[in-house]
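*Asks:* Contents of model.cif (mmCIF, C-alpha atoms):
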data_data
loop_
_atom_site.label_atom_id
_atom_site.label_comp_id
_atom_site.auth_asym_id
_atom_site.auth_seq_id
_atom_site.Cartn_x
_atom_site.Cartn_y
_atom_site.Cartn_z
CA MET S 153 -67.56 -5.55 10.69
CA LYS S 154 -66.60 -5.10 14.34
CA LYS S 155 -63.12 -6.51 13.59
CA ILE S 156 -62.54 -3.66 11.11
CA LEU S 157 -64.08 -0.80 13.13
CA ILE S 158 -62.08 -1.27 16.31
CA PRO S 159 -58.62 -1.25 14.61
CA ALA S 160 -59.76 1.64 12.37
CA PHE S 161 -60.81 3.56 15.48
CA PHE S 162 -57.36 3.08 17.06
CA VAL S 163 -55.63 4.13 13.82
CA LEU S 164 -57.75 7.29 13.80
CA ILE S 165 -56.81 8.06 17.41
CA ALA S 166 -53.12 7.47 16.66
CA ALA S 167 -53.28 9.82 13.66
CA GLN S 168 -54.96 12.52 15.73
CA LEU S 169 -52.21 12.28 18.33
CA TYR S 170 -49.39 12.04 15.78
CA VAL S 171 -50.17 15.25 13.87
CA PRO S 172 -50.05 17.71 16.80
CA ALA S 173 -47.20 15.80 18.45
CA SER S 174 -45.09 16.03 15.28
CA MET S 175 -45.83 19.79 14.99
CA ILE S 176 -44.72 20.32 18.59
CA PHE S 177 -41.63 18.18 18.06
CA GLU S 178 -40.62 20.18 14.95
CA ARG S 179 -40.96 23.51 16.80
CA GLU S 180 -38.97 22.19 19.75
CA LYS S 181 -36.27 20.95 17.37
CA VAL S 182 -35.98 24.45 15.85
CA ILE S 183 -35.68 26.01 19.32
CA GLU S 184 -33.08 23.44 20.41
CA ARG S 185 -30.93 23.42 17.26
CA GLY S 186 -31.63 26.83 15.78
CA GLU S 187 -29.47 29.90 16.01
CA VAL S 188 -31.03 32.81 17.90
CA PHE S 189 -31.57 36.04 15.97
CA LEU S 190 -33.06 39.25 17.30
CA PHE S 191 -35.39 40.96 14.83
CA GLU S 192 -35.98 44.63 15.66
CA THR S 193 -39.70 45.26 15.84
CA ALA S 194 -42.37 47.76 16.77
CA PRO S 195 -45.26 45.71 18.22
CA ILE S 196 -48.89 46.75 18.22
CA ASP S 197 -51.69 44.97 20.04
CA PRO S 198 -54.55 43.77 17.84
CA ARG S 199 -57.34 41.51 18.92
CA ASP S 200 -58.73 38.69 16.84
CA PRO S 201 -61.93 36.98 18.00
CA PHE S 202 -60.80 33.69 16.43
CA ARG S 203 -57.15 33.69 17.52
CA GLY S 204 -57.27 35.57 20.83
CA GLN S 205 -54.82 38.17 22.12
CA TYR S 206 -51.45 38.58 20.52
CA ILE S 207 -48.82 41.17 19.80
CA ARG S 208 -48.52 41.85 16.09
CA LEU S 209 -44.91 42.37 15.10
CA ASN S 210 -43.77 44.76 12.39
CA PHE S 211 -40.12 44.30 11.51
CA GLU S 212 -37.52 46.94 10.69
CA GLU S 213 -35.46 44.58 8.49
CA ASP S 214 -38.14 43.67 5.95
CA SER S 215 -36.56 44.47 2.58
CA TYR S 216 -33.47 44.01 0.46
CA VAL S 217 -31.96 45.60 -2.66
CA PRO S 218 -30.91 42.72 -4.96
CA ALA S 219 -28.41 43.10 -7.82
CA ASP S 220 -31.03 41.95 -10.37
CA ILE S 221 -34.55 42.92 -9.31
CA SER S 222 -36.10 41.59 -12.55
CA ARG S 223 -35.85 38.01 -11.21
CA PHE S 224 -38.38 38.72 -8.45
CA GLU S 225 -42.18 38.94 -8.60
CA TYR S 226 -44.99 39.92 -6.24
CA GLU S 227 -46.10 37.04 -3.92
CA GLN S 228 -43.17 34.88 -5.04
CA LYS S 229 -41.59 32.56 -2.47
CA VAL S 230 -37.90 33.40 -1.99
CA TYR S 231 -35.15 32.75 0.53
CA VAL S 232 -33.76 35.48 2.79
CA HIS S 233 -30.14 34.97 3.89
CA LEU S 234 -29.46 36.14 7.45
CA GLN S 235 -26.47 37.06 9.56
CA LYS S 236 -26.13 38.64 13.00
CA ASN S 237 -24.49 41.95 13.71
CA ASN S 238 -22.40 42.50 16.88
CA ASP S 239 -25.61 42.87 18.95
CA ASN S 240 -27.09 39.59 17.60
CA VAL S 241 -29.62 41.60 15.59
CA ALA S 242 -30.63 39.96 12.31
CA GLU S 243 -29.42 41.50 9.08
CA VAL S 244 -30.56 40.46 5.63
CA ILE S 245 -27.47 39.82 3.50
CA GLY S 246 -29.07 38.24 0.45
CA LEU S 247 -32.16 37.11 -1.35
CA SER S 248 -32.32 34.06 -3.62
CA LEU S 249 -34.75 31.95 -5.59
CA ASN S 250 -33.03 28.69 -4.63
CA LYS S 251 -32.79 27.16 -1.17
CA PRO S 252 -29.37 28.00 0.31
CA THR S 253 -27.01 25.45 1.79
CA ASN S 254 -25.16 25.85 5.10
CA LYS S 255 -26.60 29.29 5.81
CA ASN S 256 -29.15 30.78 8.11
CA TYR S 257 -32.14 31.47 5.92
CA LEU S 258 -35.90 31.78 5.92
CA GLU S 259 -38.47 31.19 3.21
CA VAL S 260 -40.50 34.38 2.80
CA SER S 261 -43.15 35.77 0.50
CA ILE S 262 -42.56 38.97 -1.49
CA SER S 263 -45.11 41.59 -0.44
CA ASN S 264 -43.98 44.50 -2.64
CA ILE S 265 -41.35 45.55 -5.16
CA SER S 266 -40.61 49.27 -5.26
CA ASN S 267 -37.66 51.52 -6.15
CA ASP S 268 -35.22 48.62 -6.72
CA ARG S 269 -36.13 47.21 -3.29
CA VAL S 270 -37.86 43.89 -2.59
CA TYR S 271 -40.13 43.88 0.49
CA PHE S 272 -41.09 40.59 2.11
CA GLU S 273 -43.11 39.11 4.95
CA TYR S 274 -41.53 36.82 7.49
CA PRO S 275 -43.31 33.56 8.37
CA PHE S 276 -43.75 34.92 11.90
CA ASP S 277 -45.55 38.15 12.73
CA ARG S 278 -47.47 37.39 15.93
CA PHE S 279 -46.50 36.63 19.49
CA TYR S 280 -49.39 35.10 21.40
CA MET S 281 -49.88 35.83 25.07
CA GLU S 282 -52.32 35.01 27.80
CA GLU S 283 -55.58 36.95 27.30
CA THR S 284 -55.03 39.31 30.23
CA LYS S 285 -51.32 39.92 29.58
CA ALA S 286 -51.32 41.08 25.92
CA PRO S 287 -52.77 44.56 26.67
CA LYS S 288 -50.31 44.99 29.56
CA ALA S 289 -47.45 44.03 27.26
CA GLU S 290 -48.53 46.62 24.69
CA ASN S 291 -48.79 49.31 27.37
CA ALA S 292 -45.29 48.46 28.56
CA LEU S 293 -43.99 48.96 25.04
CA ARG S 294 -45.82 52.26 24.57
CA GLN S 295 -44.32 53.83 27.69
CA ARG S 296 -41.56 55.98 26.27
CA THR S 297 -39.14 58.58 27.34
CA PRO S 298 -39.86 61.76 25.34
CA GLY S 299 -37.94 61.61 22.07
CA GLN S 300 -36.87 57.99 22.59
CA ARG S 301 -38.42 54.79 21.34
CA LYS S 302 -37.89 51.69 23.43
CA LYS S 303 -35.93 49.03 21.59
CA ALA S 304 -38.03 45.92 21.05
CA TYR S 305 -36.89 42.65 19.51
CA ALA S 306 -38.49 39.36 18.60
CA LYS S 307 -36.23 36.52 19.78
CA VAL S 308 -36.41 34.07 16.89
CA HIS S 309 -34.77 30.66 16.55
CA VAL S 310 -33.83 29.90 12.93
CA TRP S 311 -32.84 26.45 11.69
CA GLN S 312 -32.89 25.09 8.13
CA GLY S 313 -35.45 27.62 6.93
CA ASN S 314 -37.76 27.11 9.92
CA SER S 315 -38.37 29.68 12.63
CA VAL S 316 -39.96 29.93 16.08
CA ILE S 317 -40.47 33.09 18.15
CA SER S 318 -39.62 32.27 21.74
CA ASP S 319 -39.93 35.73 23.29
CA VAL S 320 -40.27 39.46 22.75
CA LEU S 321 -37.67 41.61 24.47
CA ILE S 322 -38.13 45.25 25.43
CA GLU S 323 -34.87 46.99 26.31
CA GLY S 324 -33.35 43.52 26.84
CA LYS S 325 -36.06 42.29 29.23
CA SER S 326 -38.55 39.54 28.47
CA ILE S 327 -42.03 40.89 27.88
CA LYS S 328 -43.33 37.97 29.96
CA ALA S 329 -41.37 39.22 32.98
CA ILE S 330 -42.38 42.85 32.39
CA VAL S 331 -46.13 42.12 32.54
CA GLU S 332 -45.89 39.93 35.66
#
In structure tokens, how does this file's structure come out?
*Replies:*
Amino acid sequence: MKKILIPAFFVLIAAQLYVPASMIFEREKVIERGEVFLFETAPIDPRDPFRGQYIRLNFEEDSYVPADISRFEYEQKVYVHLQKNNDNVAEVIGLSLNKPTNKNYLEVSISNISNDRVYFEYPFDRFYMEETKAPKAENALRQRTPGQRKKAYAKVHVWQGNSVISDVLIEGKSIKAIVE
């Protein structure tokens, strides 16, 4: 019995180390190989007792008008085709049911269909920060010149349908540096 338990124990330990290590490796691979897109956003600062402090991100570019809207359904998984404008800001240039090849794309879920427009949710909508820094980050974003809204962007690495938010930028400055 002891001969079985000891190897089983080491297999269990190896599995527990492998799962988080592979998740970290996949995210690092997306950051290293992925193309950087800026998604214009208007963050707000919610609190979640189970997940801690984070900045919730609402994106400007969250819909598309397809040629044939009848192919799409609520909560359906679809692929958003992306390109960058001259300022590296993400633009949605297409929506498809099949996984694209050789394009920058993300798998998204349709959240609404209205007036010939398909609305979707990106697989990223939160940027986690240290407990004490998230409220400071939100205050920095809320400080506005009268009549002007500060430009805020999520810096997202996109590679083969995967995405990782590496920073939030306010007027071109890292939110991490702003709250320091």
*Asks:* Could you state the separation of atom CA of Glu213 of chain S and atom CA of Phe272 of chain S in Å, given to one decimal place?
*Replies:*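 Between these atoms lies a distance of 9.4 Å.
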*Asks:* State, in Å with one decimal place, the distance from atom CA of Val230 of chain S to atom CA of Val320 of chain S.
*Replies:*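 Taking atom CA of Val230 of chain S as the start and atom CA of Val320 of chain S as the end point, the length is 25.6 Å.
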*Asks:* Using Å and a single decimal, report how far atom CA of Thr284 of chain S sits from atom CA of Leu321 of chain S.
*Replies:*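 It comes out at 18.4 Å.
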*Asks:* List every residue of segment 229-266 of chain S that has an atom at most 12 Å from any atom of segment 312-319 of chain S, and for each one report the closest atom pair and its distance in Å to one decimal, counting all atoms listed in the file, with rows sorted by chain and then by increasing residue number, as a tab-separated table.
*Replies:*
residue	atom	partner	partner_atom	distance
S:Val230	CA	S:Gly313	CA	10.9
S:Tyr231	CA	S:Gly313	CA	8.2
S:Val232	CA	S:Gly313	CA	9.0
S:His233	CA	S:Gly313	CA	9.6
S:Leu234	CA	S:Gly313	CA	10.4
S:Asn250	CA	S:Gly313	CA	11.9
S:Lys251	CA	S:Gly313	CA	8.5
S:Pro252	CA	S:Gly313	CA	9.0
S:Thr253	CA	S:Gln312	CA	8.7
S:Asn254	CA	S:Gln312	CA	8.3
S:Lys255	CA	S:Gln312	CA	7.9
S:Asn256	CA	S:Gln312	CA	6.8
S:Tyr257	CA	S:Gly313	CA	5.2
S:Leu258	CA	S:Gly313	CA	4.3
S:Glu259	CA	S:Gly313	CA	6.0
S:Val260	CA	S:Gly313	CA	9.4
*Asks:* Give me the residues within 7 Å of Tyr216 of chain S as a list of chain:residue names, counting only C-alpha atoms and dropping any in the same chain fewer than 6 places off.
*Replies:* S:Val244, S:Arg269, S:Val270, S:Tyr271
*Asks:* When distances are computed from all atoms listed in the file, which of S:Glu212, S:Glu273, S:Glu184, S:Glu243 shows the smallest separation from Lys229 of chain S?
*Replies:* S:Glu273
